[in-house]
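Text of the file model.pdb, holding PDB, C-alpha atoms, pLDDT in the B column:
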```pdb
ATOM      1  CA  MET A  66     104.225  70.383 107.912  1.00 58.00           C
ATOM      2  CA  THR A  67     103.618  74.006 106.995  1.00 64.00           C
ATOM      3  CA  GLN A  68     106.360  75.696 105.055  1.00 91.00           C
ATOM      4  CA  HIS A  69     106.859  79.402 105.561  1.00 93.00           C
ATOM      5  CA  VAL A  70     107.867  82.062 103.057  1.00 94.00           C
ATOM      6  CA  SER A  71     111.007  82.674 105.142  1.00 95.00           C
ATOM      7  CA  ASP A  72     112.179  79.155 104.217  1.00 93.00           C
ATOM      8  CA  LEU A  73     112.281  80.058 100.506  1.00 92.00           C
ATOM      9  CA  MET A  74     112.778  83.797 100.227  1.00 93.00           C
ATOM     10  CA  THR A  75     115.942  85.594  99.316  1.00 91.00           C
ATOM     11  CA  SER A  76     116.780  87.479 102.484  1.00 92.00           C
ATOM     12  CA  ALA A  77     118.627  90.791 102.750  1.00 88.00           C
ATOM     13  CA  PRO A  78     117.164  92.172  99.510  1.00 92.00           C
ATOM     14  CA  VAL A  79     119.026  94.815  97.550  1.00 95.00           C
ATOM     15  CA  THR A  80     117.340  98.181  98.091  1.00 96.00           C
ATOM     16  CA  VAL A  81     117.713 101.614  96.514  1.00 97.00           C
ATOM     17  CA  GLU A  82     116.241 105.049  97.130  1.00 97.00           C
ATOM     18  CA  PRO A  83     113.647 106.358  94.609  1.00 96.00           C
ATOM     19  CA  GLN A  84     116.032 108.954  93.124  1.00 97.00           C
ATOM     20  CA  THR A  85     118.557 106.275  92.054  1.00 97.00           C
ATOM     21  CA  SER A  86     119.078 106.240  88.297  1.00 97.00           C
ATOM     22  CA  VAL A  87     117.856 103.347  86.184  1.00 97.00           C
ATOM     23  CA  ALA A  88     121.411 102.932  84.827  1.00 97.00           C
ATOM     24  CA  THR A  89     122.787 102.512  88.356  1.00 97.00           C
ATOM     25  CA  VAL A  90     120.129  99.926  89.197  1.00 97.00           C
ATOM     26  CA  ALA A  91     120.788  98.031  85.956  1.00 97.00           C
ATOM     27  CA  ARG A  92     124.483  97.789  86.865  1.00 97.00           C
ATOM     28  CA  MET A  93     123.569  96.612  90.371  1.00 97.00           C
ATOM     29  CA  MET A  94     121.359  93.901  88.885  1.00 96.00           C
ATOM     30  CA  ARG A  95     124.169  92.807  86.602  1.00 95.00           C
ATOM     31  CA  ASP A  96     126.799  92.810  89.350  1.00 96.00           C
ATOM     32  CA  GLU A  97     124.590  91.080  91.934  1.00 93.00           C
ATOM     33  CA  ASP A  98     123.046  88.686  89.357  1.00 91.00           C
ATOM     34  CA  ILE A  99     119.508  89.606  90.397  1.00 92.00           C
ATOM     35  CA  GLY A 100     116.362  90.507  88.505  1.00 92.00           C
ATOM     36  CA  ALA A 101     114.631  92.774  91.017  1.00 95.00           C
ATOM     37  CA  VAL A 102     115.498  95.508  93.491  1.00 96.00           C
ATOM     38  CA  LEU A 103     113.267  96.963  96.191  1.00 96.00           C
ATOM     39  CA  VAL A 104     112.738 100.707  96.226  1.00 97.00           C
ATOM     40  CA  THR A 105     112.646 102.157  99.734  1.00 95.00           C
ATOM     41  CA  GLU A 106     112.400 105.540 101.394  1.00 93.00           C
ATOM     42  CA  GLY A 107     114.280 105.085 104.629  1.00 89.00           C
ATOM     43  CA  GLU A 108     112.952 101.757 105.879  1.00 86.00           C
ATOM     44  CA  ARG A 109     109.573 102.107 104.152  1.00 89.00           C
ATOM     45  CA  LEU A 110     108.929  99.967 101.075  1.00 94.00           C
ATOM     46  CA  ARG A 111     107.877 102.130  98.158  1.00 94.00           C
ATOM     47  CA  GLY A 112     108.125  99.799  95.172  1.00 95.00           C
ATOM     48  CA  LEU A 113     109.823  97.002  93.301  1.00 96.00           C
ATOM     49  CA  VAL A 114     111.735  97.448  90.062  1.00 96.00           C
ATOM     50  CA  SER A 115     112.531  94.462  87.877  1.00 94.00           C
ATOM     51  CA  ASP A 116     114.845  94.117  84.922  1.00 94.00           C
ATOM     52  CA  ARG A 117     111.733  94.006  82.732  1.00 93.00           C
ATOM     53  CA  ASP A 118     110.462  97.272  84.272  1.00 93.00           C
ATOM     54  CA  LEU A 119     113.732  98.969  83.326  1.00 94.00           C
ATOM     55  CA  VAL A 120     113.338  97.908  79.721  1.00 93.00           C
ATOM     56  CA  VAL A 121     109.601  98.447  79.277  1.00 93.00           C
ATOM     57  CA  ARG A 122     109.198 101.644  81.303  1.00 92.00           C
ATOM     58  CA  THR A 123     112.461 103.367  80.426  1.00 92.00           C
ATOM     59  CA  VAL A 124     114.313 102.042  77.396  1.00 91.00           C
ATOM     60  CA  ALA A 125     111.234 101.236  75.288  1.00 91.00           C
ATOM     61  CA  GLU A 126     109.782 104.660  76.083  1.00 91.00           C
ATOM     62  CA  GLY A 127     112.956 106.416  74.932  1.00 91.00           C
ATOM     63  CA  GLY A 128     113.985 107.472  78.428  1.00 90.00           C
ATOM     64  CA  ASP A 129     117.586 108.212  79.297  1.00 94.00           C
ATOM     65  CA  PRO A 130     118.677 105.534  81.799  1.00 94.00           C
ATOM     66  CA  ASN A 131     121.154 107.966  83.354  1.00 95.00           C
ATOM     67  CA  GLU A 132     118.453 110.607  83.921  1.00 95.00           C
ATOM     68  CA  THR A 133     115.408 108.434  84.655  1.00 95.00           C
ATOM     69  CA  THR A 134     114.996 107.397  88.286  1.00 95.00           C
ATOM     70  CA  VAL A 135     113.627 104.137  89.587  1.00 95.00           C
ATOM     71  CA  ALA A 136     110.689 106.100  91.015  1.00 94.00           C
ATOM     72  CA  ASP A 137     109.575 106.462  87.382  1.00 92.00           C
ATOM     73  CA  ALA A 138     110.182 102.815  86.506  1.00 92.00           C
ATOM     74  CA  CYS A 139     109.126 100.845  89.578  1.00 91.00           C
ATOM     75  CA  SER A 140     105.886  99.073  90.313  1.00 86.00           C
ATOM     76  CA  ASP A 141     104.323 100.746  93.310  1.00 82.00           C
ATOM     77  CA  ASP A 142     101.048  98.819  93.517  1.00 88.00           C
ATOM     78  CA  LEU A 143     102.671  96.023  95.484  1.00 93.00           C
ATOM     79  CA  VAL A 144     101.403  92.727  96.761  1.00 95.00           C
ATOM     80  CA  THR A 145     103.413  91.582  99.773  1.00 96.00           C
ATOM     81  CA  VAL A 146     103.657  88.593 102.085  1.00 97.00           C
ATOM     82  CA  GLY A 147     105.109  88.120 105.527  1.00 97.00           C
ATOM     83  CA  PRO A 148     108.003  85.799 106.358  1.00 97.00           C
ATOM     84  CA  ASP A 149     105.721  83.647 108.534  1.00 96.00           C
ATOM     85  CA  ASP A 150     103.024  83.320 105.873  1.00 96.00           C
ATOM     86  CA  ASP A 151     102.398  79.867 104.475  1.00 93.00           C
ATOM     87  CA  VAL A 152     104.035  79.250 101.091  1.00 92.00           C
ATOM     88  CA  ARG A 153     100.609  78.323  99.720  1.00 91.00           C
ATOM     89  CA  ARG A 154      99.470  81.888 100.461  1.00 93.00           C
ATOM     90  CA  ALA A 155     102.381  83.262  98.414  1.00 93.00           C
ATOM     91  CA  VAL A 156     101.435  80.995  95.506  1.00 90.00           C
ATOM     92  CA  GLU A 157      97.787  82.119  95.702  1.00 93.00           C
ATOM     93  CA  LEU A 158      98.760  85.799  95.703  1.00 94.00           C
ATOM     94  CA  MET A 159     101.140  85.374  92.772  1.00 93.00           C
ATOM     95  CA  ARG A 160      98.419  83.672  90.768  1.00 92.00           C
ATOM     96  CA  GLU A 161      95.715  86.142  91.755  1.00 95.00           C
ATOM     97  CA  HIS A 162      97.815  89.211  90.949  1.00 95.00           C
ATOM     98  CA  SER A 163      99.894  87.740  88.086  1.00 92.00           C
ATOM     99  CA  VAL A 164     103.230  88.653  89.669  1.00 92.00           C
ATOM    100  CA  ARG A 165     106.537  86.813  89.466  1.00 92.00           C
ATOM    101  CA  ARG A 166     108.188  88.407  92.496  1.00 94.00           C
ATOM    102  CA  MET A 167     106.831  89.641  95.823  1.00 95.00           C
ATOM    103  CA  PRO A 168     108.470  91.637  98.573  1.00 97.00           C
ATOM    104  CA  VAL A 169     108.464  89.970 101.971  1.00 97.00           C
ATOM    105  CA  VAL A 170     107.771  92.452 104.779  1.00 96.00           C
ATOM    106  CA  ASP A 171     107.821  92.248 108.569  1.00 94.00           C
ATOM    107  CA  GLU A 172     105.069  93.429 110.929  1.00 93.00           C
ATOM    108  CA  GLU A 173     106.159  97.068 110.511  1.00 91.00           C
ATOM    109  CA  GLN A 174     106.076  96.687 106.709  1.00 89.00           C
ATOM    110  CA  HIS A 175     109.876  96.853 106.445  1.00 93.00           C
ATOM    111  CA  PRO A 176     111.277  94.720 103.617  1.00 95.00           C
ATOM    112  CA  VAL A 177     113.104  91.594 104.781  1.00 95.00           C
ATOM    113  CA  GLY A 178     113.228  89.586 101.555  1.00 96.00           C
ATOM    114  CA  ILE A 179     111.859  88.755  98.131  1.00 96.00           C
ATOM    115  CA  VAL A 180     110.147  85.546  97.078  1.00 95.00           C
ATOM    116  CA  SER A 181     110.022  84.698  93.397  1.00 91.00           C
ATOM    117  CA  LEU A 182     108.214  82.306  91.147  1.00 88.00           C
ATOM    118  CA  GLY A 183     111.581  80.605  90.617  1.00 83.00           C
ATOM    119  CA  ASP A 184     112.054  80.142  94.387  1.00 83.00           C
ATOM    120  CA  LEU A 185     108.663  78.451  94.585  1.00 84.00           C
ATOM    121  CA  ALA A 186     109.334  76.278  91.540  1.00 76.00           C
ATOM    122  CA  ILE A 187     112.643  75.049  92.939  1.00 63.00           C
ATOM    123  CA  GLU A 188     110.972  74.061  96.189  1.00 66.00           C
ATOM    124  CA  ARG A 189     107.665  72.688  94.957  1.00 56.00           C
ATOM    125  CA  ASP A 190     108.642  71.091  91.641  1.00 54.00           C
ATOM    126  CA  PRO A 191     112.424  71.006  91.160  1.00 43.00           C
ATOM    127  CA  GLU A 192     112.120  68.638  88.193  1.00 49.00           C
ATOM    128  CA  SER A 193     109.921  71.068  86.239  1.00 42.00           C
ATOM    129  CA  ALA A 194     111.446  73.189  83.500  1.00 38.00           C
ATOM    130  CA  LEU A 195     111.059  76.337  85.619  1.00 40.00           C
ATOM    131  CA  GLY A 196     112.520  74.637  88.693  1.00 38.00           C
ATOM    132  CA  ASP A 197     115.472  73.371  86.664  1.00 40.00           C
ATOM    133  CA  ILE A 198     116.125  76.734  85.008  1.00 41.00           C
ATOM    134  CA  SER A 199     115.745  78.625  88.280  1.00 44.00           C
ATOM    135  CA  SER A 200     118.263  76.449  90.109  1.00 46.00           C
ATOM    136  CA  THR A 201     120.911  76.787  87.394  1.00 46.00           C
ATOM    137  CA  LYS A 202     123.420  79.607  87.651  1.00 52.00           C
ATOM    138  CA  PRO A 203     123.538  81.699  84.464  1.00 47.00           C
ATOM    139  CA  ASN A 204     126.658  81.824  82.305  1.00 47.00           C
ATOM    140  CA  LYS A 205     128.403  85.151  82.520  1.00 50.00           C
TER     141      LYS A 205
END
```
Output the file's structure as structure tokens, nothing else.
Amino acid sequence: MTQHVSDLMTSAPVTVEPQTSVATVARMMRDEDIGAVLVTEGERLRGLVSDRDLVVRTVAEGGDPNETTVADACSDDLVTVGPDDDVRRAVELMREHSVRRMPVVDEEQHPVGIVSLGDLAIERDPESALGDISSTKPNK
């Protein structure tokens, strides 16, 4: 039986506009307990910003998180999948492009979810270290 990306993805992804400050996005990530936010202009996907992006592209470069926007910190060369794509396709794309998270977009390229390496690990190999870590809620 074919498993679709929609079976594993996190639906209703958190989105922000490009002019949102890095500090605001960092607080959203903390409050929502997430590691990535989609950057959109209206309904159009523009990029993905991860917690690592915030650190490497802003903090490590000496940027002011209150002044730097996510447009300056996000990855905009995105690899995406559709909700009806086979999970194997998502795995192939992650390997090929060395990404840990991918936006899931509908036919009109509107974001409908995010699928992560952790989501795939939980489903495909829950007994693995990554599957175990990914299924455990972090201590706050």
- Task: Identify, on the basis of only C-alpha atoms, every residue whose closest approach to Pro168 in chain A does not exceed 12 Å; exclude the query and any residue fewer than 5 positions from it along the same chain; express the result as an MDAnalysis selection string.
- Result: chainID A and resid 70:71 74:80 101:105 109:115 140:148 155 158:159 174:182
Could you give me, as a Markdown table, a per-residue list for range 78-105 of chain A showing, wherever an atom lies at most 8 Å from an atom of range 127-137 of chain A, the closest pair of atoms and their distance in Å to one decimal, using all atoms listed in the file and sorting by chain then residue number from low to high?
```
| residue | atom | partner | partner_atom | distance |
| --- | --- | --- | --- | --- |
| A:Pro83 | CA | A:Ala136 | CA | 4.7 |
| A:Gln84 | CA | A:Thr134 | CA | 5.2 |
| A:Thr85 | CA | A:Thr134 | CA | 5.3 |
| A:Ser86 | CA | A:Thr134 | CA | 4.2 |
| A:Val87 | CA | A:Pro130 | CA | 5.0 |
| A:Ala88 | CA | A:Pro130 | CA | 4.8 |
| A:Thr89 | CA | A:Asn131 | CA | 7.6 |
| A:Val90 | CA | A:Val135 | CA | 7.8 |
| A:Val104 | CA | A:Val135 | CA | 7.5 |
```
- Quick one: of A:Arg122, A:Glu82, A:Gln68, A:Leu73, who's nearest to Ala186 in chain A, counting only C-alpha atoms? A:Leu73
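CA of Leu119 in chain A is positioned 8.0 Å from CA of Cys139 in chain A.
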- Message: Please compute the CA of Asp116 in chain A-CA of Asp184 in chain A distance, one decimal, in Å.
- Response: 17.1 Å
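Computed from the coordinates, the CA of Gly100 in chain A to CA of Val81 in chain A distance equals 13.8 Å.
If you measure from each of A:Ile99, A:Val120, A:Met93, A:Met167 to Val152 in chain A using all atoms listed in the file, the closest one turns out to be A:Met167.
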Listed atoms of range 90-103 of chain A boxed axis-aligned with 6 Å per side, centre + edges as AutoDock Vina command-line options:
```
--center_x 120.0 --center_y 94.3 --center_z 91.1 --size_x 25.5 --size_y 23.2 --size_z 22.2
```
